[in-house]
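First up is the structure itself, then whatever we jot down about it.
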Number of protein chains: 2
Amino acid sequence: MGTPGNKIGPETRSRILDAAEALFVEHGLDATSMRMITARAEVNLAAVNYHFGSKDKLIHEVFRRRLAELNRMRLAALDEMEARARAEERPLKPSQVLEAFFRPALEMATDTRHGGHTFMRLLGRTYTEPNSFVRRFLAEEYAETLDRFLAALYGALPGVSRTEILWRFHFMMGATSYAIAGTDALRLFTGEFDDDAPERLMPRLMSFLLGGLRAPLPEWKETEE
Amino acid sequence: MGTPGNKIGPETRSRILDAAEALFVEHGLDATSMRMITARAEVNLAAVNYHFGSKDKLIHEVFRRRLAELNRMRLAALDEMEARARAEERPLKPSQVLEAFFRPALEMATDTRHGGHTFMRLLGRTYTEPNSFVRRFLAEEYAETLDRFLAALYGALPGVSRTEILWRFHFMMGATSYAIAGTDALRLFTGEFDDDAPERLMPRLMSFLLGGLRAPLPEWKETEE
DNA sequence: GTCTATAGGAGGATAGAC
DNA sequence: GTCTATCCTCCTATAGAC
């Protein structure tokens with residue numbers, strides 16, 4: 001306000017983060033330039049390097065901020081489910097594990113009151129992106145959460161091999177990623193498309209995921225070969 | 001060889017396509033420069049603009065070439081399934097529709113003898129990519145195929161609403177995309193991981209997809225609200 | 001038809017003024 | 001701590017030589 005030059009404020013840093021996040025969602029990481037970011041945040045071009053050191057470190061921080069919150073919610077939900085199961089002296093159900101993992105993601109994605117509701121679209125496509133730098137720290141941020149959830153699934157599905165569960169978890173992440181990226185992509189491919197109320201997405205996705213997770217195991221033609 | 005200057009040949013054009021495809025898979029569309037492409041193809045920098053007009057048109061042609069073949073195989077498979085169903089005077093089964101759509105994609109992705117086995121990784125992540133130019137022509141290339149398959153699914157699942165089928169189809173595309181991008185991403189997130197024989201991927205994915213597609217429909221809490 | 005050379009602009013990063 | 005000015009690299013595209 002009274003300060004000379006461009007808009008300054010105690011929240012310069014978070015303005016950059018928000019602007020970068022929005023632009024990454026809209027254009028992708030590579031296609032978003034520092035100039036676009038600083039223009040949108042209404043800060044100087046040099047501010048990114050001053051506050052974050054480099055574009056790569058800014059990217060890292062954009063992801064770290066949201067992932068920390070998302071995984072904290074997921075682990076809290078899993079803790080609660082496990083506590084409830086222990087209290088009732090019965091094992092954890094697969095559907096509870098899925099709820100704890102995917103509901104926070106979908107809520108973050110569909111609740112527009114939440115700051116990061118567009119971030120989930122970015123996250124979903126980043127798993128399969130080739131950028132090795134991003135994938136590496138994504139794996140680090142996820143390590144603990146994924147360990148906990150895979151262990152919970154192993155326990156909830158005693159008859160199923162770990163390899164199979166790993167694959168099915170991976171498939172579920174893919175379906176969820178598309179569910180979140182969802183509406184626009186779907187509309188693009190099929191003109192029609194009226195019903196996309198976000199509150200319907202969760203039951204829709206959950207019933208699909210559960211159906212896939214509990215599907216009969218494929219049989220190997222072991223005899224051949 | 002005897003020609004002056006750089007390597008020339010009757011297949012300059014396809015050498016550029018192959019080099020571009022490989023680099024797009026590895027680094028992404030934006031991160032791949034014309035210099036990288038022409039260096040790998042061992043042709044001159046100007047060759048891309050000469051043969052294709054621009055980088056965007058080259059991208060388009062990389063996708064068009066493989067998608068045309070993929071969708072031709074898919075439609076042929078669907079034709080065959082429908083002919084068989086007609087001959088036996090019974091309706092088409094959902095599993096047959098899925099087979100016809102997803103098996104050609106997985107075969108293209110896992111059969112290394114096939115030229116485009118890496119292309120499918122690129123395709124899977126492109127649906128959700130923000131680049132509007134690519135998404136637009138992807139929708140065009142897919143229009144006919146998607147119409148045929150959605151119609152077939154509507155017929156095979158008479159009790160299920162079109163909206164629901166559309167969503168589930170979308171979820172299945174997501175799961176398949178991750179299945180194809182698959183192995184490296186999975187390995188990255190979980191150290192362990194031995195069993196990734198590609199011939200096991202198809203039954204694995206199909207049983208998951210079928211389970212999801214035939215899952216009980218979600219109930220709306222219509223009474224509330 | 002294919003290559004060489006270069007134009008013209010955008011990218012990330014930084015040195016030094018204030 | 002923030003801004004201005006600028007460096008150098010890399011991009012796509014093209015004009016003109018051969």
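Each chain in the structure tokens gets a letter, A, B and so on, in the order shown; residues start at 1 in every chain, and ligands are counted from 1 in the order they appear.
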Exercise. Just the residues within 8 Å of stretch 114-129 of chain B, please, counting only C-alpha atoms (C1' of nucleotides), with nothing from its chain fewer than 5 positions along; format it as an MDAnalysis selection string.
Key: (chainID A and resid 28 125 128:129 178 181 185) or (chainID B and resid 21:22 24:25 28 63 66 105 108:109 134:135 138 174 176:178 180:181)
Exercise. Determine which residues of chain D sit within 8 Å of chain B, taking into account only C-alpha atoms (C1' of nucleotides), and present them as a PyMOL selection string.
Key: chain D and resi 11-13
Self-check item: Distance of atom CA of A:Phe133 from atom CA of B:Asp30, expressed in Å to one decimal place
Solution: 15.5 Å
Practice problem: Fewer than 5 positions away in the same chain doesn't count, so skip those; otherwise give me all residues within 12 Å of B:Ile37, counting only C-alpha atoms (C1' of nucleotides), as a ChimeraX atom specification. | Solution: /B:13-24,26-27,29,31-32,42-49,55,58-59
Self-check item: Residue neighbourhood C:DG16, 10 Å, only C-alpha atoms (C1' of nucleotides), exclusion window fewer than 2 positions, as a PyMOL selection string
Solution: (chain C and resi 14+18) or (chain D and resi 4-5)
Just C-alpha atoms (C1' of nucleotides) for this one: save the residues we selected as an mmCIF file, in the first residue's frame.
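Wrote out.cif, looks like this:
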data_model
loop_
_atom_site.group_PDB
_atom_site.id
_atom_site.type_symbol
_atom_site.label_atom_id
_atom_site.label_comp_id
_atom_site.auth_asym_id
_atom_site.auth_seq_id
_atom_site.Cartn_x
_atom_site.Cartn_y
_atom_site.Cartn_z
ATOM 1 C "C1'" DT C 14 21.650 -13.047 -11.322
ATOM 2 C "C1'" DC C 18 17.847 1.270 -3.684
ATOM 3 C "C1'" DT D 4 15.645 -2.982 -12.328
ATOM 4 C "C1'" DA D 5 18.354 -4.226 -15.881
#
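Between atom C1' of D:DG16 and atom CA of B:His51 lies a distance of 18.0 Å.
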Quiz item: Contacts of D:DC7 at 12 Å or less, counting only C-alpha atoms (C1' of nucleotides), minus same-chain residues fewer than 4 places along, as a ChimeraX atom specification?
Solution: /C:12-15
Quiz item: Which residue, B:Pro216, B:Leu210, B:Tyr50, B:Lys93, has the smallest gap to chain C when you use only C-alpha atoms (C1' of nucleotides)?
Solution: B:Tyr50
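Candidate residues B:Arg84, B:Arg136, B:Arg148, B:His60 were compared for distance to chain A, and the nearest is B:Arg136, using only C-alpha atoms.
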Quiz item: Among stretch 10-222 of chain A, which ones does DSSP place in alpha helix (DSSP H), written as a VMD selection string?
Solution: chain A and resid 12 to 27 34 to 41 47 to 52 55 to 87 94 to 110 119 to 126 132 to 156 162 to 189 198 to 213
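Pairwise distance (atom CA of B:Thr12, atom C1' of D:DT14) equals 20.2 Å.
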Once you count only C-alpha atoms, what closest atom pair and distance in Å to one decimal does each residue of chain B within 6 Å of chain A have, with rows by chain and rising residue number, as CSV?
residue,atom,partner,partner_atom,distance
B:His27,CA,A:Pro130,CA,5.5
B:Pro130,CA,A:His27,CA,5.5
B:Ala139,CA,A:Phe189,CA,5.3
B:Phe171,CA,A:Ala175,CA,4.3
B:Gly174,CA,A:Ala175,CA,4.3
B:Ala175,CA,A:Gly174,CA,4.3
B:Tyr178,CA,A:Gly174,CA,5.1
B:Phe189,CA,A:Ala139,CA,5.3
B:Pro203,CA,A:Pro218,CA,5.6
B:Arg204,CA,A:Pro218,CA,5.8
B:Phe208,CA,A:Gly212,CA,4.3
B:Leu209,CA,A:Gly212,CA,6.0
B:Gly211,CA,A:Gly212,CA,4.3
B:Gly212,CA,A:Gly212,CA,4.2
B:Ala215,CA,A:Gly211,CA,4.7
B:Pro218,CA,A:Pro203,CA,5.6
Residue subset to file, keeping N, CA, C and O atoms, as a compact mmCIF listing (two decimals), in the first residue's frame:
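Saved as selection_12.txt:
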# COMPACT_ATOMS: atom_id res chain seq x y z
N HIS B 27 10.32 -37.61 -22.46
CA HIS B 27 10.44 -36.29 -21.84
C HIS B 27 9.15 -35.48 -21.83
O HIS B 27 9.10 -34.44 -21.17
N PRO B 130 -3.09 -30.69 -19.99
CA PRO B 130 -3.80 -29.43 -20.20
C PRO B 130 -3.69 -28.88 -21.62
O PRO B 130 -4.51 -28.07 -22.02
N ALA B 139 -9.78 -35.84 -29.29
CA ALA B 139 -11.22 -36.04 -29.25
C ALA B 139 -11.75 -36.35 -30.65
O ALA B 139 -12.60 -37.23 -30.82
N PHE B 171 -13.60 -44.12 -15.79
CA PHE B 171 -12.78 -44.73 -14.73
C PHE B 171 -11.90 -45.84 -15.32
O PHE B 171 -10.72 -45.98 -14.97
N GLY B 174 -8.93 -44.57 -17.01
CA GLY B 174 -7.92 -44.14 -16.05
C GLY B 174 -7.12 -45.31 -15.51
O GLY B 174 -5.89 -45.27 -15.46
N ALA B 175 -7.81 -46.37 -15.12
CA ALA B 175 -7.12 -47.54 -14.61
C ALA B 175 -6.18 -48.12 -15.67
O ALA B 175 -5.04 -48.49 -15.38
N TYR B 178 -3.02 -45.99 -16.15
CA TYR B 178 -2.02 -46.25 -15.12
C TYR B 178 -1.41 -47.64 -15.28
O TYR B 178 -0.23 -47.84 -15.00
N PHE B 189 7.29 -46.18 -6.23
CA PHE B 189 6.61 -45.92 -4.97
C PHE B 189 6.79 -47.03 -3.95
O PHE B 189 6.59 -46.84 -2.78
N PRO B 203 -4.97 -60.16 -17.94
CA PRO B 203 -5.99 -60.75 -17.06
C PRO B 203 -6.19 -59.95 -15.77
O PRO B 203 -7.32 -59.81 -15.29
N ARG B 204 -5.09 -59.44 -15.23
CA ARG B 204 -5.17 -58.64 -14.03
C ARG B 204 -6.08 -57.42 -14.23
O ARG B 204 -7.00 -57.16 -13.47
N PHE B 208 -10.14 -56.64 -12.91
CA PHE B 208 -10.42 -55.41 -12.15
C PHE B 208 -11.49 -54.56 -12.85
O PHE B 208 -12.46 -54.12 -12.23
N LEU B 209 -11.33 -54.37 -14.15
CA LEU B 209 -12.27 -53.52 -14.89
C LEU B 209 -13.68 -54.11 -14.86
O LEU B 209 -14.66 -53.39 -14.64
N GLY B 211 -14.93 -56.15 -12.66
CA GLY B 211 -15.46 -56.00 -11.31
C GLY B 211 -16.02 -54.61 -11.08
O GLY B 211 -17.10 -54.43 -10.51
N GLY B 212 -15.30 -53.61 -11.55
CA GLY B 212 -15.77 -52.24 -11.38
C GLY B 212 -16.99 -51.94 -12.22
O GLY B 212 -17.94 -51.30 -11.76
N ALA B 215 -20.08 -53.54 -10.71
CA ALA B 215 -20.34 -53.29 -9.29
C ALA B 215 -21.77 -52.80 -9.10
O ALA B 215 -22.37 -52.22 -10.00
N PRO B 218 -24.36 -47.20 -7.10
CA PRO B 218 -24.42 -46.42 -5.86
C PRO B 218 -25.85 -45.94 -5.62
O PRO B 218 -26.59 -45.67 -6.56
Exercise. Up to 10 Å from chain B, what residues of chain C turn up? Count only C-alpha atoms (C1' of nucleotides) and give them as an MDAnalysis selection string.
Key: chainID C and resid 1:4
I need the residues from that last selection saved to file as an mmCIF file, in the first residue's frame (with N, CA and C atoms (P, O5', C5', C4', C3', O3' and C1' of nucleotides)), if you can.
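Ended up saving to result-v2.cif:
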data_model
loop_
_atom_site.group_PDB
_atom_site.id
_atom_site.type_symbol
_atom_site.label_atom_id
_atom_site.label_comp_id
_atom_site.auth_asym_id
_atom_site.auth_seq_id
_atom_site.Cartn_x
_atom_site.Cartn_y
_atom_site.Cartn_z
ATOM 1 P P DG C 1 10.262 -32.850 -55.402
ATOM 2 O "O5'" DG C 1 11.262 -33.251 -54.309
ATOM 3 C "C5'" DG C 1 11.591 -32.539 -53.179
ATOM 4 C "C4'" DG C 1 12.941 -33.104 -52.796
ATOM 5 C "C3'" DG C 1 13.078 -33.178 -51.307
ATOM 6 O "O3'" DG C 1 14.031 -34.188 -51.008
ATOM 7 C "C1'" DG C 1 14.522 -31.498 -52.149
ATOM 8 P P DT C 2 14.097 -34.763 -49.463
ATOM 9 O "O5'" DT C 2 15.306 -33.965 -48.821
ATOM 10 C "C5'" DT C 2 16.626 -34.238 -49.267
ATOM 11 C "C4'" DT C 2 17.548 -33.131 -48.825
ATOM 12 C "C3'" DT C 2 17.585 -32.885 -47.318
ATOM 13 O "O3'" DT C 2 18.805 -33.375 -46.811
ATOM 14 C "C1'" DT C 2 17.721 -30.869 -48.594
ATOM 15 P P DC C 3 19.207 -33.087 -45.300
ATOM 16 O "O5'" DC C 3 20.021 -31.721 -45.446
ATOM 17 C "C5'" DC C 3 21.390 -31.763 -45.816
ATOM 18 C "C4'" DC C 3 21.937 -30.349 -45.896
ATOM 19 C "C3'" DC C 3 22.288 -29.751 -44.543
ATOM 20 O "O3'" DC C 3 23.677 -29.463 -44.497
ATOM 21 C "C1'" DC C 3 20.979 -28.230 -45.874
ATOM 22 P P DT C 4 24.235 -28.880 -43.107
ATOM 23 O "O5'" DT C 4 24.271 -27.313 -43.417
ATOM 24 C "C5'" DT C 4 24.952 -26.818 -44.562
ATOM 25 C "C4'" DT C 4 25.034 -25.293 -44.475
ATOM 26 C "C3'" DT C 4 25.496 -24.758 -43.126
ATOM 27 O "O3'" DT C 4 26.375 -23.668 -43.345
ATOM 28 C "C1'" DT C 4 23.353 -23.880 -43.632
#
